[in-house]
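Notes follow the structure.
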Amino acid sequence: MINYDVLIVGGGAAGFFAAINCAENNPKLKIAILEKAKEGLQKVKISGGGRCNVTHAEFVPQDLVLNYPRGEKELLGPFHQFMTGDTIEWFEKRGVVLKIEEDGRMFPESNSSQTIIECFLNETRKHDIDVLYSQTVKQIKKENEVWEVVTQADEFSTKKLLIATGSSPKMWKLLESLYHNIVPPVPSLFTFDIKDQRIADIPGVVALDVEVKVLETDLVSEGPLLITHVGMSAPAILKLSAFGALELAKRDYKFSIEVNFVKMLFEDCIETLKQLKLNLAKKKVYNSTQFNLPKRLWQQLVLASEMSNETRWADMNKKQLEALTNQLTKAIFKVNGKSTFKDEFVTAGGIDLKEVNFKTFESKRHKNLYFAGEILNIDAVTGGFNFQNAWTGAYIAALNISK
């Protein structure tokens with residue numbers, strides 16, 4: 001039996017962050033990270049297209065929590081203790097400067113996730129933290145206030161145990177045997193599969209600011225929309241997929257959306273088009289893109305409005321005018337499935353939040369058992385928010401473990 005003061009299961013963002021902060025707060029502790037793969041920090045490596053989207057430039061806890069479909073209420077207190085500004089300062093103290101992009105996402109100035117990985121590995125070496133790879137946990141049990149963790153290779157014992165394995169069905173199963181309730185996982189960030197003539201030939205086109213509603217629900221979102229080879233993506237869609245994770249799973253990912261490409265009311269849009277009909281009378285509708293829409297998208301919406309590419313503004317009849325207004329303000333698309341990012345896969349589901357003390361991130365079921373990151377039923381929209389949850393939970397858990 002190999003004994004440690006603190007054992008951390010999971011060599012990802014939350015696991016490394018917790019280990020380093022434990023060691024800093026109490027240098028006497030003997031700490032180990034157990035990671036099942038041959039190397040750790042895999043999600044860090046591929047996040048943000050290999051640049052690592054460390055956090056998001058949102059500095060008010062009340063606003064930050066709005067990006068968490070699950071965990072909004074629970075994270076408010078923790079974010080008052082450690083949030084974006086603290087994350088930036090933590091990395092800067094260790095030589096990693098972060099920069100803010102236009103959309104608020106924050107990356108290392110080097111534009112490489114390797115910078116974050118090197119930072120973590122250097123810190124674990126500096127603090128003599130043992131990072132043990134190829135350690136798949138098979139069993140967790142408690143004997144007289146001591147945790148025993150059995151892997152396929154070794155047996156470990158520890159007073160304090162932190163689980164940070166992300167969305168791990170096998171770990172959830174082990175935690176169920178310790179009487180923790182697990183909220184069944186469903187995908188939370190995915191793109192919509194849509195087969196539709198209007199978008200079939202224009203992959204890569206981005207409408208910068210649209211409103212999307214899922215019909216027969218209260219789900220609405222705004223933002224950029226990207227047309228892909230299989231359907232639609234980008235923040236307007238990804239926000240719906242996160243906030244609608246449970247609802248859309250219930251529908252087996254078959255539903256309809258209504259897209260307002262111009263974010264105008266039908267009445268206002270038709271008035272604008274009537275004015276254009278007078279002003280551009282001799283021009284062809286197909287060739288005169290309006291509302292700052294991408295040209296190829298405008299042309300597809302014109303063709304879908306019972307017009308040809310030769311129709312002039314002056315010749316547009318009432319029916320065509322209404323059809324074009326409909327296409328611009330309430331275009332209906334049938335969604336027939338989802339596509340997930342295998343690499344940046346996020347799930348809703350995990351340890352029931354009622355069973356965790358969010359002042360310490362300790363289990364309410366067992367003393368000296370802690371959690372951080374996506375093992376909990378917390379998930380966020382895209383943009384660095386899932387990492388911020390990992391840093392916050394790991395930091396607060398580490399503070400309490402190292403006391």
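In the structure tokens, each chain is lettered A, B, ... as it comes, each chain's residues begin at 1, and ligands are numbered from 1 in order of appearance.
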
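Residues in contact with A:Gln81 at up to 8 Å, not including ones fewer than 3 positions away on its chain and judged by only C-alpha atoms, are A:Gly77, A:Pro78, A:Ile396.
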
### Query
Could you pull the residues within 8 Å of A:Glu258, counting only C-alpha atoms, minus those fewer than 2 positions along the same chain, as an MDAnalysis selection string?
chainID A and resid 212:215 256 260 330:333

Could you write out the selected residues, including N, CA and C atoms, as a PDB file, in the first residue's frame?
```
ATOM      1  N   VAL A 212     -32.181  32.734 -32.786  1.00  0.00           N
ATOM      2  CA  VAL A 212     -32.667  31.384 -33.090  1.00  0.00           C
ATOM      3  C   VAL A 212     -33.588  30.920 -31.970  1.00  0.00           C
ATOM      4  N   LYS A 213     -34.762  30.398 -32.351  1.00  0.00           N
ATOM      5  CA  LYS A 213     -35.686  29.826 -31.369  1.00  0.00           C
ATOM      6  C   LYS A 213     -35.882  28.358 -31.686  1.00  0.00           C
ATOM      7  N   VAL A 214     -36.001  27.540 -30.633  1.00  0.00           N
ATOM      8  CA  VAL A 214     -36.428  26.155 -30.833  1.00  0.00           C
ATOM      9  C   VAL A 214     -37.948  26.157 -30.673  1.00  0.00           C
ATOM     10  N   LEU A 215     -38.648  25.790 -31.738  1.00  0.00           N
ATOM     11  CA  LEU A 215     -40.113  25.852 -31.708  1.00  0.00           C
ATOM     12  C   LEU A 215     -40.676  24.891 -30.658  1.00  0.00           C
ATOM     13  N   SER A 256     -37.717  21.568 -34.682  1.00  0.00           N
ATOM     14  CA  SER A 256     -37.600  22.648 -35.668  1.00  0.00           C
ATOM     15  C   SER A 256     -37.112  23.922 -35.005  1.00  0.00           C
ATOM     16  N   ASN A 260     -34.192  34.141 -37.149  1.00  0.00           N
ATOM     17  CA  ASN A 260     -34.410  35.527 -37.567  1.00  0.00           C
ATOM     18  C   ASN A 260     -33.035  36.071 -37.969  1.00  0.00           C
ATOM     19  N   LYS A 330     -38.282  34.826 -40.051  1.00  0.00           N
ATOM     20  CA  LYS A 330     -38.692  33.584 -39.366  1.00  0.00           C
ATOM     21  C   LYS A 330     -38.576  32.370 -40.281  1.00  0.00           C
ATOM     22  N   ALA A 331     -37.344  32.111 -40.690  1.00  0.00           N
ATOM     23  CA  ALA A 331     -37.070  30.947 -41.543  1.00  0.00           C
ATOM     24  C   ALA A 331     -37.086  29.690 -40.680  1.00  0.00           C
ATOM     25  N   ILE A 332     -37.872  28.729 -41.087  1.00  0.00           N
ATOM     26  CA  ILE A 332     -37.974  27.474 -40.312  1.00  0.00           C
ATOM     27  C   ILE A 332     -37.029  26.429 -40.912  1.00  0.00           C
ATOM     28  N   PHE A 333     -36.264  25.785 -40.043  1.00  0.00           N
ATOM     29  CA  PHE A 333     -35.373  24.690 -40.474  1.00  0.00           C
ATOM     30  C   PHE A 333     -35.647  23.466 -39.600  1.00  0.00           C
TER      31      PHE A 333
END
```

### Task
Could you tell me how far atom CA of A:Ala372 lies from atom CA of A:Leu219, in Å and to one decimal?
28.7 Å

### Task
If you run DSSP over the backbone, which residues in stretch 243-366 of chain A end up strand (DSSP E or B)? Put them as an MDAnalysis selection string.
chainID A and resid 254:260 284 312 331:336 338:340 347:351 356:357 362:363

Store the residues picked out above, limited to N, CA and C atoms, as a PDB file, in the first residue's frame.
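Output saved as selection-v4.pdb:
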```pdb
ATOM      1  N   LYS A 254     -34.627  15.728 -32.674  1.00  0.00           N
ATOM      2  CA  LYS A 254     -35.474  15.994 -33.850  1.00  0.00           C
ATOM      3  C   LYS A 254     -36.463  17.098 -33.462  1.00  0.00           C
ATOM      4  N   PHE A 255     -36.302  18.268 -34.055  1.00  0.00           N
ATOM      5  CA  PHE A 255     -37.138  19.423 -33.709  1.00  0.00           C
ATOM      6  C   PHE A 255     -36.976  20.478 -34.793  1.00  0.00           C
ATOM      7  N   SER A 256     -37.717  21.568 -34.682  1.00  0.00           N
ATOM      8  CA  SER A 256     -37.600  22.648 -35.668  1.00  0.00           C
ATOM      9  C   SER A 256     -37.112  23.922 -35.005  1.00  0.00           C
ATOM     10  N   ILE A 257     -36.314  24.689 -35.756  1.00  0.00           N
ATOM     11  CA  ILE A 257     -35.875  25.992 -35.251  1.00  0.00           C
ATOM     12  C   ILE A 257     -36.382  27.093 -36.170  1.00  0.00           C
ATOM     13  N   GLU A 258     -36.534  28.277 -35.589  1.00  0.00           N
ATOM     14  CA  GLU A 258     -36.918  29.457 -36.374  1.00  0.00           C
ATOM     15  C   GLU A 258     -35.754  30.444 -36.267  1.00  0.00           C
ATOM     16  N   VAL A 259     -35.232  30.850 -37.443  1.00  0.00           N
ATOM     17  CA  VAL A 259     -34.081  31.756 -37.462  1.00  0.00           C
ATOM     18  C   VAL A 259     -34.513  33.133 -37.954  1.00  0.00           C
ATOM     19  N   ASN A 260     -34.192  34.141 -37.149  1.00  0.00           N
ATOM     20  CA  ASN A 260     -34.410  35.527 -37.567  1.00  0.00           C
ATOM     21  C   ASN A 260     -33.035  36.071 -37.969  1.00  0.00           C
ATOM     22  N   LYS A 284     -31.711  43.859 -59.833  1.00  0.00           N
ATOM     23  CA  LYS A 284     -32.153  42.486 -59.541  1.00  0.00           C
ATOM     24  C   LYS A 284     -32.044  42.240 -58.029  1.00  0.00           C
ATOM     25  N   ARG A 312     -36.565  41.496 -60.775  1.00  0.00           N
ATOM     26  CA  ARG A 312     -36.182  42.865 -60.384  1.00  0.00           C
ATOM     27  C   ARG A 312     -37.039  43.304 -59.194  1.00  0.00           C
ATOM     28  N   ALA A 331     -37.344  32.111 -40.690  1.00  0.00           N
ATOM     29  CA  ALA A 331     -37.070  30.947 -41.543  1.00  0.00           C
ATOM     30  C   ALA A 331     -37.086  29.690 -40.680  1.00  0.00           C
ATOM     31  N   ILE A 332     -37.872  28.729 -41.087  1.00  0.00           N
ATOM     32  CA  ILE A 332     -37.974  27.474 -40.312  1.00  0.00           C
ATOM     33  C   ILE A 332     -37.029  26.429 -40.912  1.00  0.00           C
ATOM     34  N   PHE A 333     -36.264  25.785 -40.043  1.00  0.00           N
ATOM     35  CA  PHE A 333     -35.373  24.690 -40.474  1.00  0.00           C
ATOM     36  C   PHE A 333     -35.647  23.466 -39.600  1.00  0.00           C
ATOM     37  N   LYS A 334     -35.680  22.301 -40.216  1.00  0.00           N
ATOM     38  CA  LYS A 334     -35.885  21.042 -39.466  1.00  0.00           C
ATOM     39  C   LYS A 334     -34.534  20.478 -39.054  1.00  0.00           C
ATOM     40  N   VAL A 335     -34.377  20.252 -37.752  1.00  0.00           N
ATOM     41  CA  VAL A 335     -33.145  19.642 -37.243  1.00  0.00           C
ATOM     42  C   VAL A 335     -33.383  18.143 -37.119  1.00  0.00           C
ATOM     43  N   ASN A 336     -32.403  17.386 -37.589  1.00  0.00           N
ATOM     44  CA  ASN A 336     -32.601  15.939 -37.636  1.00  0.00           C
ATOM     45  C   ASN A 336     -31.367  15.220 -37.092  1.00  0.00           C
ATOM     46  N   LYS A 338     -27.651  15.531 -34.268  1.00  0.00           N
ATOM     47  CA  LYS A 338     -26.616  16.424 -33.744  1.00  0.00           C
ATOM     48  C   LYS A 338     -25.240  15.887 -34.126  1.00  0.00           C
ATOM     49  N   SER A 339     -24.265  16.783 -34.131  1.00  0.00           N
ATOM     50  CA  SER A 339     -22.861  16.377 -34.285  1.00  0.00           C
ATOM     51  C   SER A 339     -22.093  16.960 -33.121  1.00  0.00           C
ATOM     52  N   THR A 340     -21.315  16.122 -32.438  1.00  0.00           N
ATOM     53  CA  THR A 340     -20.555  16.633 -31.287  1.00  0.00           C
ATOM     54  C   THR A 340     -19.096  16.773 -31.669  1.00  0.00           C
ATOM     55  N   THR A 347     -20.470  17.295 -21.373  1.00  0.00           N
ATOM     56  CA  THR A 347     -21.760  16.678 -21.065  1.00  0.00           C
ATOM     57  C   THR A 347     -22.434  17.386 -19.898  1.00  0.00           C
ATOM     58  N   ALA A 348     -23.771  17.370 -19.954  1.00  0.00           N
ATOM     59  CA  ALA A 348     -24.576  17.731 -18.792  1.00  0.00           C
ATOM     60  C   ALA A 348     -24.760  16.432 -18.027  1.00  0.00           C
ATOM     61  N   GLY A 349     -24.699  16.499 -16.713  1.00  0.00           N
ATOM     62  CA  GLY A 349     -24.825  15.266 -15.925  1.00  0.00           C
ATOM     63  C   GLY A 349     -23.634  15.147 -14.993  1.00  0.00           C
ATOM     64  N   GLY A 350     -23.744  14.242 -14.027  1.00  0.00           N
ATOM     65  CA  GLY A 350     -22.659  14.066 -13.068  1.00  0.00           C
ATOM     66  C   GLY A 350     -23.188  14.033 -11.650  1.00  0.00           C
ATOM     67  N   ILE A 351     -22.294  14.268 -10.685  1.00  0.00           N
ATOM     68  CA  ILE A 351     -22.680  14.180  -9.277  1.00  0.00           C
ATOM     69  C   ILE A 351     -23.753  15.221  -8.971  1.00  0.00           C
ATOM     70  N   VAL A 356     -23.052  18.211  -2.552  1.00  0.00           N
ATOM     71  CA  VAL A 356     -21.721  18.828  -2.462  1.00  0.00           C
ATOM     72  C   VAL A 356     -21.831  20.145  -1.689  1.00  0.00           C
ATOM     73  N   ASN A 357     -20.872  20.371  -0.793  1.00  0.00           N
ATOM     74  CA  ASN A 357     -20.804  21.634  -0.062  1.00  0.00           C
ATOM     75  C   ASN A 357     -19.965  22.617  -0.896  1.00  0.00           C
ATOM     76  N   GLU A 362     -16.457  19.825  -0.858  1.00  0.00           N
ATOM     77  CA  GLU A 362     -16.377  18.517  -0.196  1.00  0.00           C
ATOM     78  C   GLU A 362     -17.718  17.803  -0.335  1.00  0.00           C
ATOM     79  N   SER A 363     -17.663  16.495  -0.411  1.00  0.00           N
ATOM     80  CA  SER A 363     -18.869  15.674  -0.448  1.00  0.00           C
ATOM     81  C   SER A 363     -19.640  15.839   0.853  1.00  0.00           C
TER      82      SER A 363
END
```

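Atom CA of A:Thr325 to atom CA of A:Pro235 spans 24.2 Å [interatomic distance, one decimal].
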
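The shell of residues at most 6 Å from stretch 133-136 of chain A, with only C-alpha atoms counted and near chain neighbours (fewer than 5 positions) removed, consists of Leu34, Glu35, Lys36, Ala37, Lys38, Thr151 and Gln152 of chain A.
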
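Look at stretch 248-250 of chain A: the protein and nucleic acid residues within 10 Å of it, using only C-alpha atoms and passing over chain neighbours fewer than 3 places away, are Val186, Pro187, Ser188, Val214, Thr217, Leu240, Ser241, Ala242, Phe243, Gly244, Ala245, Tyr253, Lys254, Phe255, Gly337 and Lys338 of chain A.
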
Closest contacts (stretch 68-143 of chain A/stretch 9-13 of chain A, max 9 Å, only C-alpha atoms) as CSV:
```
residue,atom,partner,partner_atom,distance
A:Phe120,CA,A:Ala13,CA,8.9
A:Val131,CA,A:Gly11,CA,7.9
A:Leu132,CA,A:Gly11,CA,8.8
A:Tyr133,CA,A:Gly11,CA,8.4
A:Val137,CA,A:Val9,CA,8.0
```

### Message
Could you list, as an MDAnalysis selection string, every residue within 6 Å of A:His56, counting only C-alpha atoms and ignoring same-chain residues fewer than 2 positions away?
### Response
chainID A and resid 58 104:106 384

### Task
From the DSSP assignment of the backbone, select every residue of stretch 87-242 of chain A that is helix (DSSP H, G or I), and format the answer as a PyMOL selection string.
chain A and resi 87-93+113-126+169-176+197-200+235-242

Okay, now the selection with N, CA and C atoms, as a CSV table (one decimal), in the first residue's frame?
```csv
chain,number,residue,atom,x,y,z
A,87,THR,N,-7.7,33.9,-11.8
A,87,THR,CA,-7.1,33.0,-12.8
A,87,THR,C,-6.0,33.7,-13.5
A,88,ILE,N,-6.3,34.9,-14.0
A,88,ILE,CA,-5.3,35.7,-14.8
A,88,ILE,C,-4.1,35.9,-13.9
A,89,GLU,N,-4.3,36.3,-12.7
A,89,GLU,CA,-3.2,36.6,-11.8
A,89,GLU,C,-2.4,35.4,-11.5
A,90,TRP,N,-3.1,34.3,-11.3
A,90,TRP,CA,-2.4,33.0,-10.9
A,90,TRP,C,-1.4,32.6,-12.1
A,91,PHE,N,-1.9,32.7,-13.3
A,91,PHE,CA,-1.0,32.3,-14.4
A,91,PHE,C,0.1,33.3,-14.6
A,92,GLU,N,-0.2,34.6,-14.5
A,92,GLU,CA,0.8,35.6,-14.7
A,92,GLU,C,2.0,35.5,-13.7
A,93,LYS,N,1.6,35.1,-12.4
A,93,LYS,CA,2.6,35.0,-11.4
A,93,LYS,C,3.6,33.8,-11.8
A,113,SER,N,-1.4,25.9,-26.3
A,113,SER,CA,-1.8,25.2,-25.1
A,113,SER,C,-0.6,24.6,-24.4
A,114,GLN,N,0.5,24.4,-25.2
A,114,GLN,CA,1.7,23.8,-24.6
A,114,GLN,C,2.2,24.7,-23.5
A,115,THR,N,2.0,26.0,-23.6
A,115,THR,CA,2.4,26.9,-22.5
A,115,THR,C,1.8,26.6,-21.2
A,116,ILE,N,0.5,26.3,-21.2
A,116,ILE,CA,-0.2,26.0,-20.0
A,116,ILE,C,0.2,24.6,-19.5
A,117,ILE,N,0.4,23.7,-20.4
A,117,ILE,CA,0.9,22.3,-20.0
A,117,ILE,C,2.3,22.4,-19.3
A,118,GLU,N,3.2,23.1,-19.9
A,118,GLU,CA,4.5,23.3,-19.4
A,118,GLU,C,4.5,24.0,-18.0
A,119,CYS,N,3.6,25.0,-17.9
A,119,CYS,CA,3.5,25.7,-16.6
A,119,CYS,C,3.1,24.7,-15.5
A,120,PHE,N,2.1,23.8,-15.8
A,120,PHE,CA,1.6,22.9,-14.8
A,120,PHE,C,2.7,21.8,-14.5
A,121,LEU,N,3.4,21.3,-15.5
A,121,LEU,CA,4.4,20.3,-15.3
A,121,LEU,C,5.6,20.9,-14.5
A,122,ASN,N,5.9,22.1,-14.8
A,122,ASN,CA,7.0,22.8,-14.0
A,122,ASN,C,6.6,22.9,-12.5
A,123,GLU,N,5.4,23.3,-12.3
A,123,GLU,CA,4.9,23.5,-10.9
A,123,GLU,C,4.9,22.2,-10.2
A,124,THR,N,4.5,21.1,-10.8
A,124,THR,CA,4.4,19.8,-10.1
A,124,THR,C,5.8,19.3,-9.8
A,125,ARG,N,6.8,19.6,-10.7
A,125,ARG,CA,8.2,19.2,-10.4
A,125,ARG,C,8.7,20.1,-9.2
A,126,LYS,N,8.4,21.4,-9.3
A,126,LYS,CA,8.9,22.3,-8.3
A,126,LYS,C,8.4,21.9,-6.9
A,169,PRO,N,-18.0,8.0,-17.0
A,169,PRO,CA,-19.0,7.0,-16.6
A,169,PRO,C,-18.5,6.0,-15.6
A,170,LYS,N,-17.2,5.6,-15.8
A,170,LYS,CA,-16.7,4.5,-14.9
A,170,LYS,C,-16.5,5.1,-13.5
A,171,MET,N,-16.1,6.4,-13.4
A,171,MET,CA,-15.9,7.0,-12.1
A,171,MET,C,-17.3,7.2,-11.4
A,172,TRP,N,-18.2,7.7,-12.3
A,172,TRP,CA,-19.6,7.9,-11.7
A,172,TRP,C,-20.1,6.6,-11.1
A,173,LYS,N,-19.8,5.5,-11.8
A,173,LYS,CA,-20.3,4.2,-11.3
A,173,LYS,C,-19.7,3.9,-9.9
A,174,LEU,N,-18.4,4.1,-9.8
A,174,LEU,CA,-17.7,3.9,-8.5
A,174,LEU,C,-18.3,4.8,-7.4
A,175,LEU,N,-18.6,6.0,-7.8
A,175,LEU,CA,-19.2,7.0,-6.8
A,175,LEU,C,-20.6,6.6,-6.4
A,176,GLU,N,-21.3,6.0,-7.3
A,176,GLU,CA,-22.6,5.4,-6.9
A,176,GLU,C,-22.5,4.4,-5.9
A,197,GLN,N,-32.2,22.8,-48.7
A,197,GLN,CA,-31.8,23.3,-49.9
A,197,GLN,C,-31.1,24.7,-49.7
A,198,ARG,N,-31.7,25.5,-48.8
A,198,ARG,CA,-31.2,26.9,-48.7
A,198,ARG,C,-29.8,27.0,-48.2
A,199,ILE,N,-29.3,25.9,-47.4
A,199,ILE,CA,-28.0,26.0,-46.9
A,199,ILE,C,-27.0,24.9,-47.4
A,200,ALA,N,-27.6,24.1,-48.3
A,200,ALA,CA,-26.8,22.9,-48.8
A,200,ALA,C,-25.5,23.3,-49.5
A,235,PRO,N,-21.8,30.2,-31.9
A,235,PRO,CA,-22.5,30.4,-30.6
A,235,PRO,C,-24.0,30.4,-30.6
A,236,ALA,N,-24.6,31.0,-31.6
A,236,ALA,CA,-26.1,31.0,-31.5
A,236,ALA,C,-26.7,29.6,-31.4
A,237,ILE,N,-26.1,28.6,-32.0
A,237,ILE,CA,-26.5,27.2,-31.9
A,237,ILE,C,-26.0,26.5,-30.7
A,238,LEU,N,-24.7,26.7,-30.4
A,238,LEU,CA,-24.1,26.1,-29.2
A,238,LEU,C,-24.7,26.5,-27.9
A,239,LYS,N,-25.1,27.7,-27.8
A,239,LYS,CA,-25.8,28.2,-26.6
A,239,LYS,C,-27.2,27.4,-26.4
A,240,LEU,N,-27.9,27.2,-27.5
A,240,LEU,CA,-29.1,26.4,-27.5
A,240,LEU,C,-28.9,25.0,-27.1
A,241,SER,N,-27.8,24.4,-27.6
A,241,SER,CA,-27.5,23.0,-27.3
A,241,SER,C,-27.1,22.9,-25.8
A,242,ALA,N,-26.5,23.9,-25.2
A,242,ALA,CA,-26.1,23.8,-23.8
A,242,ALA,C,-27.3,24.0,-22.9
```

#### Entry: Near-stretch 268-282 of chain A list (8 Å; only C-alpha atoms; drop same-chain fewer than 3 positions) as an MDAnalysis selection string
chainID A and resid 264:265 312:316 321:322 325 329

Grab the residues selected above and save them as a PDB file, in the first residue's frame with N, CA and C atoms.
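Dumped everything to result-v7.pdb:
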```pdb
ATOM      1  N   MET A 264     -35.223  41.484 -36.842  1.00  0.00           N
ATOM      2  CA  MET A 264     -36.254  42.521 -36.982  1.00  0.00           C
ATOM      3  C   MET A 264     -37.614  41.860 -36.890  1.00  0.00           C
ATOM      4  N   LEU A 265     -38.632  42.647 -36.518  1.00  0.00           N
ATOM      5  CA  LEU A 265     -40.004  42.154 -36.568  1.00  0.00           C
ATOM      6  C   LEU A 265     -40.429  42.042 -38.030  1.00  0.00           C
ATOM      7  N   ARG A 312     -36.565  41.496 -60.775  1.00  0.00           N
ATOM      8  CA  ARG A 312     -36.182  42.865 -60.384  1.00  0.00           C
ATOM      9  C   ARG A 312     -37.039  43.304 -59.194  1.00  0.00           C
ATOM     10  N   TRP A 313     -36.515  44.255 -58.438  1.00  0.00           N
ATOM     11  CA  TRP A 313     -37.246  44.766 -57.278  1.00  0.00           C
ATOM     12  C   TRP A 313     -38.644  45.263 -57.684  1.00  0.00           C
ATOM     13  N   ALA A 314     -38.700  45.970 -58.797  1.00  0.00           N
ATOM     14  CA  ALA A 314     -39.984  46.548 -59.242  1.00  0.00           C
ATOM     15  C   ALA A 314     -41.024  45.472 -59.539  1.00  0.00           C
ATOM     16  N   ASP A 315     -40.547  44.290 -59.975  1.00  0.00           N
ATOM     17  CA  ASP A 315     -41.475  43.219 -60.378  1.00  0.00           C
ATOM     18  C   ASP A 315     -41.869  42.302 -59.218  1.00  0.00           C
ATOM     19  N   MET A 316     -41.330  42.543 -58.065  1.00  0.00           N
ATOM     20  CA  MET A 316     -41.632  41.674 -56.917  1.00  0.00           C
ATOM     21  C   MET A 316     -43.092  41.859 -56.511  1.00  0.00           C
ATOM     22  N   LEU A 321     -42.869  39.299 -51.794  1.00  0.00           N
ATOM     23  CA  LEU A 321     -42.421  40.235 -50.761  1.00  0.00           C
ATOM     24  C   LEU A 321     -42.608  39.616 -49.364  1.00  0.00           C
ATOM     25  N   GLU A 322     -43.783  39.017 -49.159  1.00  0.00           N
ATOM     26  CA  GLU A 322     -44.065  38.380 -47.866  1.00  0.00           C
ATOM     27  C   GLU A 322     -43.186  37.151 -47.657  1.00  0.00           C
ATOM     28  N   THR A 325     -39.738  38.291 -46.667  1.00  0.00           N
ATOM     29  CA  THR A 325     -39.771  38.780 -45.271  1.00  0.00           C
ATOM     30  C   THR A 325     -39.773  37.594 -44.301  1.00  0.00           C
ATOM     31  N   THR A 329     -36.981  36.875 -41.464  1.00  0.00           N
ATOM     32  CA  THR A 329     -37.313  37.063 -40.036  1.00  0.00           C
ATOM     33  C   THR A 329     -37.760  35.800 -39.311  1.00  0.00           C
TER      34      THR A 329
END
```

Sorted by chain and rising residue number, list the residues of stretch 14-35 of chain A at most 12 Å from stretch 156-164 of chain A (counting only C-alpha atoms), each with its closest atom pair and distance in Å to one decimal, as JSON lines.
```
{"residue": "A:Ala14", "atom": "CA", "partner": "A:Ala164", "partner_atom": "CA", "distance": 5.9}
{"residue": "A:Gly15", "atom": "CA", "partner": "A:Ala164", "partner_atom": "CA", "distance": 5.4}
{"residue": "A:Phe16", "atom": "CA", "partner": "A:Ala164", "partner_atom": "CA", "distance": 9.1}
{"residue": "A:Phe17", "atom": "CA", "partner": "A:Ala164", "partner_atom": "CA", "distance": 10.1}
{"residue": "A:Ala18", "atom": "CA", "partner": "A:Leu162", "partner_atom": "CA", "distance": 8.4}
{"residue": "A:Ala19", "atom": "CA", "partner": "A:Leu162", "partner_atom": "CA", "distance": 9.3}
{"residue": "A:Cys22", "atom": "CA", "partner": "A:Leu162", "partner_atom": "CA", "distance": 11.0}
{"residue": "A:Leu29", "atom": "CA", "partner": "A:Lys160", "partner_atom": "CA", "distance": 10.7}
{"residue": "A:Lys30", "atom": "CA", "partner": "A:Thr158", "partner_atom": "CA", "distance": 9.7}
{"residue": "A:Ile31", "atom": "CA", "partner": "A:Thr158", "partner_atom": "CA", "distance": 9.3}
{"residue": "A:Ala32", "atom": "CA", "partner": "A:Thr158", "partner_atom": "CA", "distance": 9.8}
{"residue": "A:Ile33", "atom": "CA", "partner": "A:Leu162", "partner_atom": "CA", "distance": 9.4}
{"residue": "A:Leu34", "atom": "CA", "partner": "A:Ile163", "partner_atom": "CA", "distance": 9.8}
{"residue": "A:Glu35", "atom": "CA", "partner": "A:Ala164", "partner_atom": "CA", "distance": 9.9}
```

Write to file, as an mmCIF file, in the first residue's frame, the residues of the selection just made, with N, CA and C atoms.
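Generated file (out-v9.cif):
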```cif
data_model
loop_
_atom_site.group_PDB
_atom_site.id
_atom_site.type_symbol
_atom_site.label_atom_id
_atom_site.label_comp_id
_atom_site.auth_asym_id
_atom_site.auth_seq_id
_atom_site.Cartn_x
_atom_site.Cartn_y
_atom_site.Cartn_z
ATOM 1 N N ALA A 14 -8.464 20.387 -13.747
ATOM 2 C CA ALA A 14 -8.843 20.532 -12.337
ATOM 3 C C ALA A 14 -7.881 19.767 -11.426
ATOM 4 N N GLY A 15 -7.469 18.579 -11.841
ATOM 5 C CA GLY A 15 -6.576 17.754 -11.025
ATOM 6 C C GLY A 15 -5.224 18.413 -10.791
ATOM 7 N N PHE A 16 -4.602 18.877 -11.866
ATOM 8 C CA PHE A 16 -3.297 19.544 -11.741
ATOM 9 C C PHE A 16 -3.410 20.836 -10.925
ATOM 10 N N PHE A 17 -4.456 21.613 -11.204
ATOM 11 C CA PHE A 17 -4.623 22.904 -10.518
ATOM 12 C C PHE A 17 -4.792 22.686 -9.011
ATOM 13 N N ALA A 18 -5.566 21.656 -8.659
ATOM 14 C CA ALA A 18 -5.782 21.351 -7.237
ATOM 15 C C ALA A 18 -4.478 20.905 -6.584
ATOM 16 N N ALA A 19 -3.744 20.016 -7.251
ATOM 17 C CA ALA A 19 -2.494 19.485 -6.674
ATOM 18 C C ALA A 19 -1.498 20.609 -6.399
ATOM 19 N N CYS A 22 -2.682 22.835 -3.524
ATOM 20 C CA CYS A 22 -2.507 22.124 -2.233
ATOM 21 C C CYS A 22 -1.053 22.247 -1.772
ATOM 22 N N LEU A 29 2.801 18.554 2.618
ATOM 23 C CA LEU A 29 1.946 17.453 2.154
ATOM 24 C C LEU A 29 2.624 16.604 1.075
ATOM 25 N N LYS A 30 2.414 15.300 1.187
ATOM 26 C CA LYS A 30 2.885 14.376 0.147
ATOM 27 C C LYS A 30 1.688 14.127 -0.790
ATOM 28 N N ILE A 31 1.827 14.561 -2.032
ATOM 29 C CA ILE A 31 0.674 14.605 -2.957
ATOM 30 C C ILE A 31 0.965 13.791 -4.217
ATOM 31 N N ALA A 32 -0.067 13.087 -4.705
ATOM 32 C CA ALA A 32 0.070 12.388 -5.994
ATOM 33 C C ALA A 32 -1.177 12.601 -6.848
ATOM 34 N N ILE A 33 -0.940 12.655 -8.144
ATOM 35 C CA ILE A 33 -2.026 12.677 -9.136
ATOM 36 C C ILE A 33 -2.022 11.314 -9.827
ATOM 37 N N LEU A 34 -3.192 10.678 -9.909
ATOM 38 C CA LEU A 34 -3.322 9.419 -10.648
ATOM 39 C C LEU A 34 -4.051 9.690 -11.962
ATOM 40 N N GLU A 35 -3.418 9.365 -13.058
ATOM 41 C CA GLU A 35 -4.019 9.595 -14.371
ATOM 42 C C GLU A 35 -4.051 8.278 -15.146
#
```

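The smallest atom-to-atom distance between A:Asn21 and any of A:Leu64, A:Gln299, A:Glu155, A:Val6, using only C-alpha atoms, is found for A:Val6.
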
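Minimum distance to A:Ser233 across A:Gln62, A:Ser110, A:Gln327, A:Thr382 (counting only C-alpha atoms) occurs at A:Thr382.
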
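Going from atom CA of A:Pro294 to atom CA of A:Ala57 covers 28.6 Å.
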